[in-house]
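Trainee: Sharing query_9.cif (mmCIF, C-alpha atoms) below.
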```cif
data_start
#
loop_
_atom_site.group_PDB
_atom_site.id
_atom_site.type_symbol
_atom_site.label_atom_id
_atom_site.label_comp_id
_atom_site.auth_asym_id
_atom_site.auth_seq_id
_atom_site.Cartn_x
_atom_site.Cartn_y
_atom_site.Cartn_z
ATOM 1 C CA ALA A 1 -42.857 -45.952 19.306
ATOM 2 C CA SER A 2 -45.147 -45.175 16.417
ATOM 3 C CA GLU A 3 -48.752 -46.174 15.843
ATOM 4 C CA PHE A 4 -50.630 -46.404 12.558
ATOM 5 C CA ARG A 5 -54.396 -46.867 12.365
ATOM 6 C CA TYR A 6 -56.186 -47.882 9.202
ATOM 7 C CA ARG A 7 -59.856 -48.458 8.375
ATOM 8 C CA ASN A 8 -60.963 -49.962 5.076
ATOM 9 C CA PRO A 9 -63.701 -47.649 3.711
ATOM 10 C CA VAL A 10 -64.525 -49.700 0.619
ATOM 11 C CA VAL A 11 -68.235 -50.276 -0.070
ATOM 12 C CA PRO A 12 -69.724 -52.651 -1.242
ATOM 13 C CA PRO A 13 -67.707 -55.181 0.775
ATOM 14 C CA LYS A 14 -64.332 -55.827 -0.824
ATOM 15 C CA THR A 15 -60.919 -56.512 0.543
ATOM 16 C CA LEU A 16 -57.960 -54.196 0.750
ATOM 17 C CA PHE A 17 -54.390 -55.469 0.997
ATOM 18 C CA VAL A 18 -52.085 -53.278 3.071
ATOM 19 C CA SER A 19 -48.670 -54.597 2.069
ATOM 20 C CA ILE A 20 -45.744 -54.517 4.476
ATOM 21 C CA SER A 21 -44.071 -57.519 2.911
ATOM 22 C CA GLN A 22 -41.603 -57.891 0.063
ATOM 23 C CA SER A 23 -43.780 -60.142 -2.057
ATOM 24 C CA GLY A 24 -46.362 -57.571 -3.173
ATOM 25 C CA GLU A 25 -48.436 -60.130 -5.093
ATOM 26 C CA THR A 26 -52.037 -61.273 -4.670
ATOM 27 C CA ALA A 27 -53.568 -60.500 -1.263
ATOM 28 C CA ASP A 28 -53.535 -63.492 1.038
ATOM 29 C CA THR A 29 -54.015 -63.815 4.792
ATOM 30 C CA GLN A 30 -50.833 -65.881 5.020
ATOM 31 C CA GLN A 31 -48.707 -63.076 3.584
ATOM 32 C CA GLY A 32 -46.753 -60.621 5.677
ATOM 33 C CA GLY A 33 -49.443 -57.962 5.529
ATOM 34 C CA TYR A 34 -53.173 -57.486 6.041
ATOM 35 C CA VAL A 35 -56.396 -58.272 4.228
ATOM 36 C CA LEU A 36 -59.186 -56.074 5.583
ATOM 37 C CA SER A 37 -62.879 -56.536 4.928
ATOM 38 C CA ALA A 38 -65.010 -53.471 4.254
ATOM 39 C CA ARG A 39 -65.020 -51.100 7.268
ATOM 40 C CA GLU A 40 -62.713 -53.399 9.228
ATOM 41 C CA ARG A 41 -60.235 -51.494 11.407
ATOM 42 C CA LEU A 42 -56.711 -52.515 12.287
ATOM 43 C CA ASP A 43 -54.294 -50.774 14.662
ATOM 44 C CA ILE A 44 -50.611 -51.196 13.901
ATOM 45 C CA GLN A 45 -48.178 -50.345 16.653
ATOM 46 C CA GLY A 46 -44.855 -50.087 14.918
ATOM 47 C CA TRP A 47 -44.001 -52.320 11.981
ATOM 48 C CA ARG A 48 -46.229 -55.378 12.124
ATOM 49 C CA LYS A 49 -44.895 -58.013 9.773
ATOM 50 C CA ASN A 50 -47.905 -60.197 10.442
ATOM 51 C CA LEU A 51 -50.640 -60.539 13.050
ATOM 52 C CA ALA A 52 -48.280 -62.262 15.504
ATOM 53 C CA GLU A 53 -45.085 -60.194 15.130
ATOM 54 C CA THR A 54 -44.579 -56.495 15.767
ATOM 55 C CA ALA A 55 -41.403 -54.420 15.725
ATOM 56 C CA ALA A 56 -41.805 -51.003 17.320
ATOM 57 C CA PHE A 57 -40.486 -47.810 15.748
ATOM 58 C CA TYR A 58 -38.067 -45.756 17.815
ATOM 59 C CA PHE A 59 -37.016 -42.361 16.510
ATOM 60 C CA THR A 60 -33.468 -41.104 17.027
ATOM 61 C CA PRO A 61 -32.703 -37.367 17.155
ATOM 62 C CA LEU A 62 -31.435 -36.356 13.716
ATOM 63 C CA PRO A 63 -27.855 -35.411 14.757
ATOM 64 C CA ASP A 64 -27.456 -38.879 16.310
ATOM 65 C CA SER A 65 -29.081 -40.775 13.445
ATOM 66 C CA TYR A 66 -27.291 -43.264 11.249
ATOM 67 C CA ALA A 67 -27.963 -41.032 8.239
ATOM 68 C CA ALA A 68 -26.191 -38.118 9.898
ATOM 69 C CA ARG A 69 -23.235 -40.262 10.936
ATOM 70 C CA THR A 70 -22.586 -41.353 7.342
ATOM 71 C CA GLY A 71 -21.598 -37.812 6.451
ATOM 72 C CA ARG A 72 -23.549 -37.980 3.186
ATOM 73 C CA PRO A 73 -25.848 -35.104 2.206
ATOM 74 C CA ASP A 74 -29.574 -35.294 1.697
ATOM 75 C CA ASN A 75 -30.109 -35.979 -1.982
ATOM 76 C CA VAL A 76 -32.680 -36.823 -4.615
ATOM 77 C CA GLY A 77 -32.350 -40.115 -6.454
ATOM 78 C CA VAL A 78 -34.617 -39.082 -9.332
ATOM 79 C CA ILE A 79 -34.180 -35.927 -11.365
ATOM 80 C CA GLY A 80 -35.071 -36.147 -15.018
ATOM 81 C CA VAL A 81 -36.984 -34.862 -17.998
ATOM 82 C CA ALA A 82 -39.225 -36.772 -20.401
ATOM 83 C CA PRO A 83 -37.599 -38.798 -23.205
ATOM 84 C CA ARG A 84 -38.632 -38.430 -26.824
ATOM 85 C CA GLU A 85 -38.877 -42.166 -27.515
ATOM 86 C CA ALA A 86 -41.952 -43.097 -25.455
ATOM 87 C CA GLU A 87 -44.865 -41.451 -23.662
ATOM 88 C CA LEU A 88 -45.032 -43.955 -20.783
ATOM 89 C CA VAL A 89 -41.644 -44.830 -19.356
ATOM 90 C CA ASP A 90 -40.559 -47.130 -16.529
ATOM 91 C CA SER A 91 -39.276 -44.801 -13.816
ATOM 92 C CA ILE A 92 -36.521 -47.177 -12.678
ATOM 93 C CA PRO A 93 -33.855 -47.237 -15.454
ATOM 94 C CA PRO A 94 -31.992 -43.932 -15.965
ATOM 95 C CA SER A 95 -30.785 -42.768 -19.358
ATOM 96 C CA TYR A 96 -29.714 -39.691 -21.328
ATOM 97 C CA PHE A 97 -32.720 -37.799 -19.931
ATOM 98 C CA GLY A 98 -31.633 -38.381 -16.328
ATOM 99 C CA GLY A 99 -34.331 -40.020 -14.249
ATOM 100 C CA ASN A 100 -33.351 -42.467 -11.542
ATOM 101 C CA LEU A 101 -29.664 -41.483 -11.456
ATOM 102 C CA ASP A 102 -29.223 -42.413 -7.777
ATOM 103 C CA ASN A 103 -26.104 -40.291 -7.442
ATOM 104 C CA TRP A 104 -25.781 -39.106 -3.846
ATOM 105 C CA ARG A 105 -23.945 -35.980 -5.049
ATOM 106 C CA ALA A 106 -27.255 -34.553 -6.336
ATOM 107 C CA GLY A 107 -27.822 -32.730 -3.075
ATOM 108 C CA PRO A 108 -27.785 -29.188 -1.691
ATOM 109 C CA GLY A 109 -25.775 -26.817 -3.856
ATOM 110 C CA ALA A 110 -25.388 -29.214 -6.780
ATOM 111 C CA SER A 111 -26.588 -28.592 -10.341
ATOM 112 C CA VAL A 112 -27.792 -31.237 -12.798
ATOM 113 C CA TYR A 113 -27.837 -30.414 -16.514
ATOM 114 C CA LEU A 114 -30.194 -32.455 -18.703
ATOM 115 C CA PRO A 115 -30.866 -32.357 -22.459
ATOM 116 C CA VAL A 116 -34.449 -31.320 -23.196
ATOM 117 C CA ALA A 117 -36.090 -33.811 -25.575
ATOM 118 C CA VAL A 118 -39.787 -32.830 -25.583
ATOM 119 C CA PRO A 119 -41.696 -29.532 -25.422
ATOM 120 C CA GLY A 120 -41.869 -28.257 -21.859
ATOM 121 C CA ALA A 121 -39.146 -30.698 -20.713
ATOM 122 C CA LEU A 122 -41.574 -32.204 -18.128
ATOM 123 C CA LEU A 123 -39.130 -32.201 -15.235
ATOM 124 C CA SER A 124 -39.626 -34.747 -12.449
ATOM 125 C CA VAL A 125 -37.828 -34.838 -9.094
ATOM 126 C CA GLY A 126 -38.245 -37.410 -6.342
ATOM 127 C CA ASP A 127 -36.875 -40.477 -4.548
ATOM 128 C CA PRO A 128 -35.299 -38.439 -1.707
ATOM 129 C CA HIS A 129 -32.597 -40.016 0.437
ATOM 130 C CA ALA A 130 -31.274 -39.095 3.848
ATOM 131 C CA SER A 131 -28.076 -40.939 2.925
ATOM 132 C CA GLN A 132 -26.797 -43.153 0.133
ATOM 133 C CA GLY A 133 -23.520 -44.701 -0.938
ATOM 134 C CA ASP A 134 -22.150 -45.297 -4.409
ATOM 135 C CA SER A 135 -23.827 -48.351 -6.006
ATOM 136 C CA GLU A 136 -26.934 -48.306 -3.726
ATOM 137 C CA LEU A 137 -26.091 -51.997 -3.485
ATOM 138 C CA CYS A 138 -29.138 -53.428 -1.719
ATOM 139 C CA GLY A 139 -31.605 -51.489 -3.845
ATOM 140 C CA THR A 140 -32.487 -48.774 -1.366
ATOM 141 C CA ALA A 141 -30.760 -45.929 0.400
ATOM 142 C CA ILE A 142 -32.139 -44.377 3.600
ATOM 143 C CA GLU A 143 -35.419 -43.425 1.962
ATOM 144 C CA CYS A 144 -37.302 -40.450 3.353
ATOM 145 C CA SER A 145 -39.774 -37.696 2.603
ATOM 146 C CA MET A 146 -38.287 -34.318 1.802
ATOM 147 C CA THR A 147 -39.311 -30.757 1.036
ATOM 148 C CA GLY A 148 -36.757 -28.994 -1.138
ATOM 149 C CA THR A 149 -36.272 -25.784 -3.065
ATOM 150 C CA PHE A 150 -35.154 -26.179 -6.668
ATOM 151 C CA GLN A 151 -34.080 -23.535 -9.159
ATOM 152 C CA VAL A 152 -34.890 -24.465 -12.759
ATOM 153 C CA ILE A 153 -32.919 -22.673 -15.493
ATOM 154 C CA LEU A 154 -33.538 -23.180 -19.202
ATOM 155 C CA HIS A 155 -30.387 -22.802 -21.296
ATOM 156 C CA LYS A 156 -31.534 -22.080 -24.838
ATOM 157 C CA LYS A 157 -29.637 -23.936 -27.544
ATOM 158 C CA GLY A 158 -26.953 -21.691 -28.988
ATOM 159 C CA ALA A 159 -27.315 -19.041 -26.292
ATOM 160 C CA PRO A 160 -24.063 -17.805 -24.717
ATOM 161 C CA THR A 161 -23.156 -19.645 -21.517
ATOM 162 C CA ASP A 162 -20.047 -20.420 -19.531
ATOM 163 C CA LYS A 163 -21.347 -23.917 -18.798
ATOM 164 C CA PRO A 164 -19.952 -26.886 -20.790
ATOM 165 C CA ILE A 165 -23.317 -27.934 -22.202
ATOM 166 C CA ALA A 166 -23.247 -27.031 -25.905
ATOM 167 C CA ASP A 167 -23.231 -30.681 -27.025
ATOM 168 C CA LEU A 168 -24.892 -32.184 -23.943
ATOM 169 C CA ASP A 169 -26.644 -35.509 -24.567
ATOM 170 C CA TYR A 170 -26.306 -37.075 -21.102
ATOM 171 C CA PRO A 171 -26.847 -36.081 -17.449
ATOM 172 C CA LEU A 172 -24.056 -33.799 -16.239
ATOM 173 C CA LEU A 173 -23.744 -33.062 -12.525
ATOM 174 C CA GLU A 174 -21.816 -30.106 -11.124
ATOM 175 C CA THR A 175 -20.737 -29.457 -7.552
ATOM 176 C CA ASP A 176 -18.604 -26.604 -6.289
ATOM 177 C CA LYS A 177 -15.483 -28.747 -6.762
ATOM 178 C CA GLU A 178 -16.291 -31.336 -9.447
ATOM 179 C CA TRP A 179 -17.839 -32.172 -12.788
ATOM 180 C CA VAL A 180 -19.530 -35.586 -12.721
ATOM 181 C CA ILE A 181 -20.346 -37.379 -15.974
ATOM 182 C CA HIS A 182 -22.706 -40.377 -16.090
ATOM 183 C CA GLY A 183 -22.148 -43.417 -18.266
ATOM 184 C CA PHE A 184 -24.705 -46.190 -18.732
ATOM 185 C CA SER A 185 -24.845 -49.774 -19.949
ATOM 186 C CA HIS A 186 -26.920 -48.277 -22.768
ATOM 187 C CA ALA A 187 -26.577 -44.543 -23.327
ATOM 188 C CA ASN A 188 -30.101 -44.499 -24.807
ATOM 189 C CA TYR A 189 -31.671 -47.851 -24.036
ATOM 190 C CA LEU A 190 -35.087 -46.825 -25.370
ATOM 191 C CA ALA A 191 -33.620 -46.362 -28.857
ATOM 192 C CA GLU A 192 -31.008 -49.119 -28.721
ATOM 193 C CA LEU A 193 -33.174 -52.016 -27.510
ATOM 194 C CA GLY A 194 -36.255 -51.560 -29.678
ATOM 195 C CA ASP A 195 -39.938 -51.938 -28.848
ATOM 196 C CA ALA A 196 -39.265 -54.184 -25.849
ATOM 197 C CA ALA A 197 -36.608 -51.860 -24.408
ATOM 198 C CA GLN A 198 -38.363 -51.323 -21.091
ATOM 199 C CA SER A 199 -38.181 -55.016 -20.273
ATOM 200 C CA GLU A 200 -35.025 -55.907 -22.190
ATOM 201 C CA ILE A 201 -32.933 -53.368 -20.288
ATOM 202 C CA TYR A 202 -33.136 -55.561 -17.192
ATOM 203 C CA LYS A 203 -31.622 -58.460 -19.165
ATOM 204 C CA ASN A 204 -28.963 -56.558 -21.098
ATOM 205 C CA ALA A 205 -27.092 -54.397 -18.610
ATOM 206 C CA SER A 206 -23.459 -54.644 -17.556
ATOM 207 C CA LEU A 207 -20.892 -52.402 -15.897
ATOM 208 C CA ASP A 208 -18.385 -52.962 -18.729
ATOM 209 C CA PRO A 209 -20.251 -50.885 -21.343
ATOM 210 C CA ALA A 210 -21.177 -48.359 -18.626
ATOM 211 C CA MET A 211 -17.468 -47.848 -17.936
ATOM 212 C CA ARG A 212 -16.724 -47.411 -21.646
ATOM 213 C CA ASP A 213 -19.600 -44.955 -21.975
ATOM 214 C CA ALA A 214 -18.362 -42.863 -19.047
ATOM 215 C CA PHE A 215 -14.810 -42.870 -20.461
ATOM 216 C CA ARG A 216 -15.927 -41.794 -23.935
ATOM 217 C CA LYS A 217 -18.088 -38.997 -22.570
ATOM 218 C CA MET A 218 -15.271 -37.743 -20.346
ATOM 219 C CA ARG A 219 -12.824 -37.871 -23.263
ATOM 220 C CA ARG A 220 -15.240 -35.793 -25.364
ATOM 221 C CA PHE A 221 -15.800 -33.383 -22.463
ATOM 222 C CA LEU A 222 -12.073 -32.734 -22.122
ATOM 223 C CA MET A 223 -11.463 -32.396 -25.852
ATOM 224 C CA THR A 224 -14.495 -30.178 -26.481
ATOM 225 C CA HIS A 225 -14.615 -27.984 -23.414
ATOM 226 C CA LYS A 226 -11.020 -28.033 -22.164
ATOM 227 C CA LYS A 227 -9.462 -28.068 -25.645
ATOM 228 C CA LEU A 228 -7.192 -31.046 -24.997
ATOM 229 C CA THR A 229 -5.985 -33.331 -27.740
ATOM 230 C CA GLU A 230 -7.190 -36.929 -27.626
ATOM 231 C CA ASP A 231 -3.834 -38.111 -26.274
ATOM 232 C CA GLU A 232 -3.823 -35.371 -23.635
ATOM 233 C CA ALA A 233 -7.389 -36.205 -22.613
ATOM 234 C CA ILE A 234 -6.698 -39.929 -22.246
ATOM 235 C CA SER A 235 -3.502 -39.246 -20.286
ATOM 236 C CA LEU A 236 -5.326 -36.905 -17.912
ATOM 237 C CA ILE A 237 -8.160 -39.399 -17.460
ATOM 238 C CA SER A 238 -5.644 -42.074 -16.536
ATOM 239 C CA VAL A 239 -3.888 -40.040 -13.866
ATOM 240 C CA ALA A 240 -6.530 -37.691 -12.466
ATOM 241 C CA VAL A 241 -10.128 -38.723 -13.234
ATOM 242 C CA ASP A 242 -11.931 -40.945 -10.723
ATOM 243 C CA PHE A 243 -14.463 -43.504 -11.933
ATOM 244 C CA GLY A 244 -17.053 -44.936 -9.568
ATOM 245 C CA ILE A 245 -20.092 -47.199 -9.661
ATOM 246 C CA THR A 246 -23.143 -44.964 -9.373
ATOM 247 C CA GLN A 247 -25.729 -47.728 -9.073
ATOM 248 C CA VAL A 248 -26.138 -51.427 -9.864
ATOM 249 C CA VAL A 249 -29.850 -51.729 -9.086
ATOM 250 C CA ASP A 250 -31.786 -49.695 -11.650
ATOM 251 C CA GLY A 251 -31.687 -51.892 -14.737
ATOM 252 C CA ASN A 252 -29.506 -49.577 -16.812
ATOM 253 C CA LEU A 253 -26.333 -49.767 -14.711
ATOM 254 C CA SER A 254 -24.274 -46.629 -14.285
ATOM 255 C CA VAL A 255 -20.646 -45.589 -13.845
ATOM 256 C CA HIS A 256 -19.692 -41.975 -13.180
ATOM 257 C CA ALA A 257 -16.468 -40.126 -13.981
ATOM 258 C CA ILE A 258 -15.361 -37.311 -11.659
ATOM 259 C CA LEU A 259 -13.199 -34.429 -12.892
ATOM 260 C CA ARG A 260 -11.907 -32.069 -10.220
ATOM 261 C CA LYS A 261 -12.220 -28.420 -11.195
ATOM 262 C CA GLU A 262 -8.939 -27.558 -9.503
ATOM 263 C CA LEU A 263 -7.096 -29.361 -12.306
ATOM 264 C CA PHE A 264 -7.977 -26.429 -14.556
ATOM 265 C CA ALA A 265 -7.591 -23.634 -12.033
ATOM 266 C CA PRO A 266 -5.764 -20.567 -13.372
ATOM 267 C CA GLU A 267 -2.008 -20.628 -12.933
ATOM 268 C CA PRO A 268 -0.900 -18.404 -10.047
ATOM 269 C CA GLU A 269 0.871 -15.207 -10.948
ATOM 270 C CA PRO A 270 4.663 -15.542 -10.657
ATOM 271 C CA PRO A 271 6.173 -13.645 -7.721
ATOM 272 C CA GLN A 272 7.396 -10.153 -8.457
ATOM 273 C CA PHE A 273 10.929 -9.267 -7.351
#
```
Using the file provided, produce a representation of the structure as structure tokens.

Mentor:
Amino acid sequence: ASEFRYRNPVVPPKTLFVSISQSGETADTQQGGYVLSARERLDIQGWRKNLAETAAFYFTPLPDSYAARTGRPDNVGVIGVAPREAELVDSIPPSYFGGNLDNWRAGPGASVYLPVAVPGALLSVGDPHASQGDSELCGTAIECSMTGTFQVILHKKGAPTDKPIADLDYPLLETDKEWVIHGFSHANYLAELGDAAQSEIYKNASLDPAMRDAFRKMRRFLMTHKKLTEDEAISLISVAVDFGITQVVDGNLSVHAILRKELFAPEPEPPQF
């Protein structure tokens, strides 16, 4: 079991609300949390919902944990750069600059390409998960702390590269086997929804436009970087590209399109007789 001890150091006497409830509003002794007077001490053994109920923590060895049994990799839910449209931005809705993508594929060995919109890019990484499924349906994955090593590479505009990023205006994720393109209810909600965008996005999101956005980006990807005609691109999308719901909980809903690299593997040499 785990024990947490807290002492309110605030002077002159004030109250401190230690929230372990889901309400998170004004401190009140009837809430599922604590209101401590100045210098008052409270010992918490496990997860104490209120002063009468305690649920102890028990730690499972990592190989036997639920996170390990899901088979999903450790990943970061947030990886993004700063947008050009606003200086202070709600960290929940993702957009063209990345942010709270909540794609479990952004784990060890993966690369995420993001369009730089402001000087210095101002990269942020966080929201680590021990495991997450597509959609993150209940609003959280298995949240955890994490220490990671990240390699940051700046691709200068116009510089030679073998990566398909010349016209990149959305988050592009690469694994060893796949290209993953992200579509959103609003590709750039900060520009599309006006001055009130950071509140309006929670009222104006749907999976339908996110699906269209993912399709259009994948069509452009295939036509631009794989040199397919529009008809060829749409036909390939229909028979070989997998669409999935990335997340339905971050305001700007997201659908991803997965293109397997093996579809464009070099043709094997014909046998020699």

Trainee: Which residues come within 9 Å of region 84-101 of chain A, counting all atoms listed in the file, excluding same-chain residues fewer than 6 positions away, as number ranges by chain?

Mentor: A: 76-78, 112-118, 124-127, 169-172, 182-184, 186-191, 198, 201-202, 246-247, 249-254

Trainee: Using the chain letters and residue numbers of this document, give as an MDAnalysis selection string the residues selected by the PyMOL selection byres ((chain A and resi 225-228) around 12).

Mentor: chainID A and resid 162:168 179 217:224 229:237 259 261 263:265

Trainee: Return the padded bounding box of region 239-258 of chain A as JSON: axis-aligned, built from all atoms listed in the file, 5 Å added on each side, with centre and edge lengths in Å to one decimal.

Mentor:
```
{"center_x": -17.8, "center_y": -44.6, "center_z": -12.9, "size_x": 37.9, "size_y": 24.6, "size_z": 17.7}
```

Trainee: Would you mind telling me which residue in A:Ala214, A:Asn103, A:Leu123, A:Lys203 lies nearest to Ala141 (chain A) when using all atoms listed in the file?

Mentor: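 Checking each of A:Ala214, A:Asn103, A:Leu123, A:Lys203 against Ala141 (chain A), counting all atoms listed in the file, the winner is A:Asn103.
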
Trainee: CA of Asp208 (chain A) to CA of Ser185 (chain A): how many Å, to one decimal?

Mentor: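 Going from CA of Asp208 (chain A) over to CA of Ser185 (chain A), I get 7.3 Å.
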
Trainee: I'd like the residues picked by the PyMOL selection byres ((chain A and resi 111) around 10) written out as JSON, numbers by chain, using the chain letters and numbers from the file.

Mentor: {"A": [105, 106, 107, 108, 109, 110, 112, 113, 114, 150, 151, 152, 172, 173, 174, 175, 176, 179]}

Trainee: Tell me which of A:Asp195, A:Glu178, A:Asp242, A:Asp74 sits closest to Gln132 (chain A), counting only C-alpha atoms.

Mentor: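 Of A:Asp195, A:Glu178, A:Asp242, A:Asp74, the one nearest Gln132 (chain A) is A:Asp74, counting only C-alpha atoms.
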
Trainee: How many Å separate CA of Ser206 (chain A) from CA of Val241 (chain A)?

Mentor: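 Between CA of Ser206 (chain A) and CA of Val241 (chain A) the gap works out to 21.2 Å.
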
Trainee: Go through the shown structure with the PyMOL selection byres ((chain A and resi 73) around 7) and write out the matching residues as a count of residues only.

Mentor: 7

Trainee: Please indicate the distance in Å from CA of Pro61 (chain A) to CA of Cys138 (chain A), rounded to one decimal place.

Mentor: 25.0 Å

Trainee: With distances taken over all atoms listed in the file, which of A:Ile245, A:Ala240, A:Trp104, A:Pro128 is nearest to Met146 (chain A)?

Mentor: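 For Met146 (chain A), the nearest of the candidates is A:Pro128.
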
Trainee: Which residue is closest to Gly244 (chain A)? Choose from A:Asp102, A:Glu192, A:Asp134, A:Asp64 and count all atoms listed in the file.

Mentor: A:Asp134
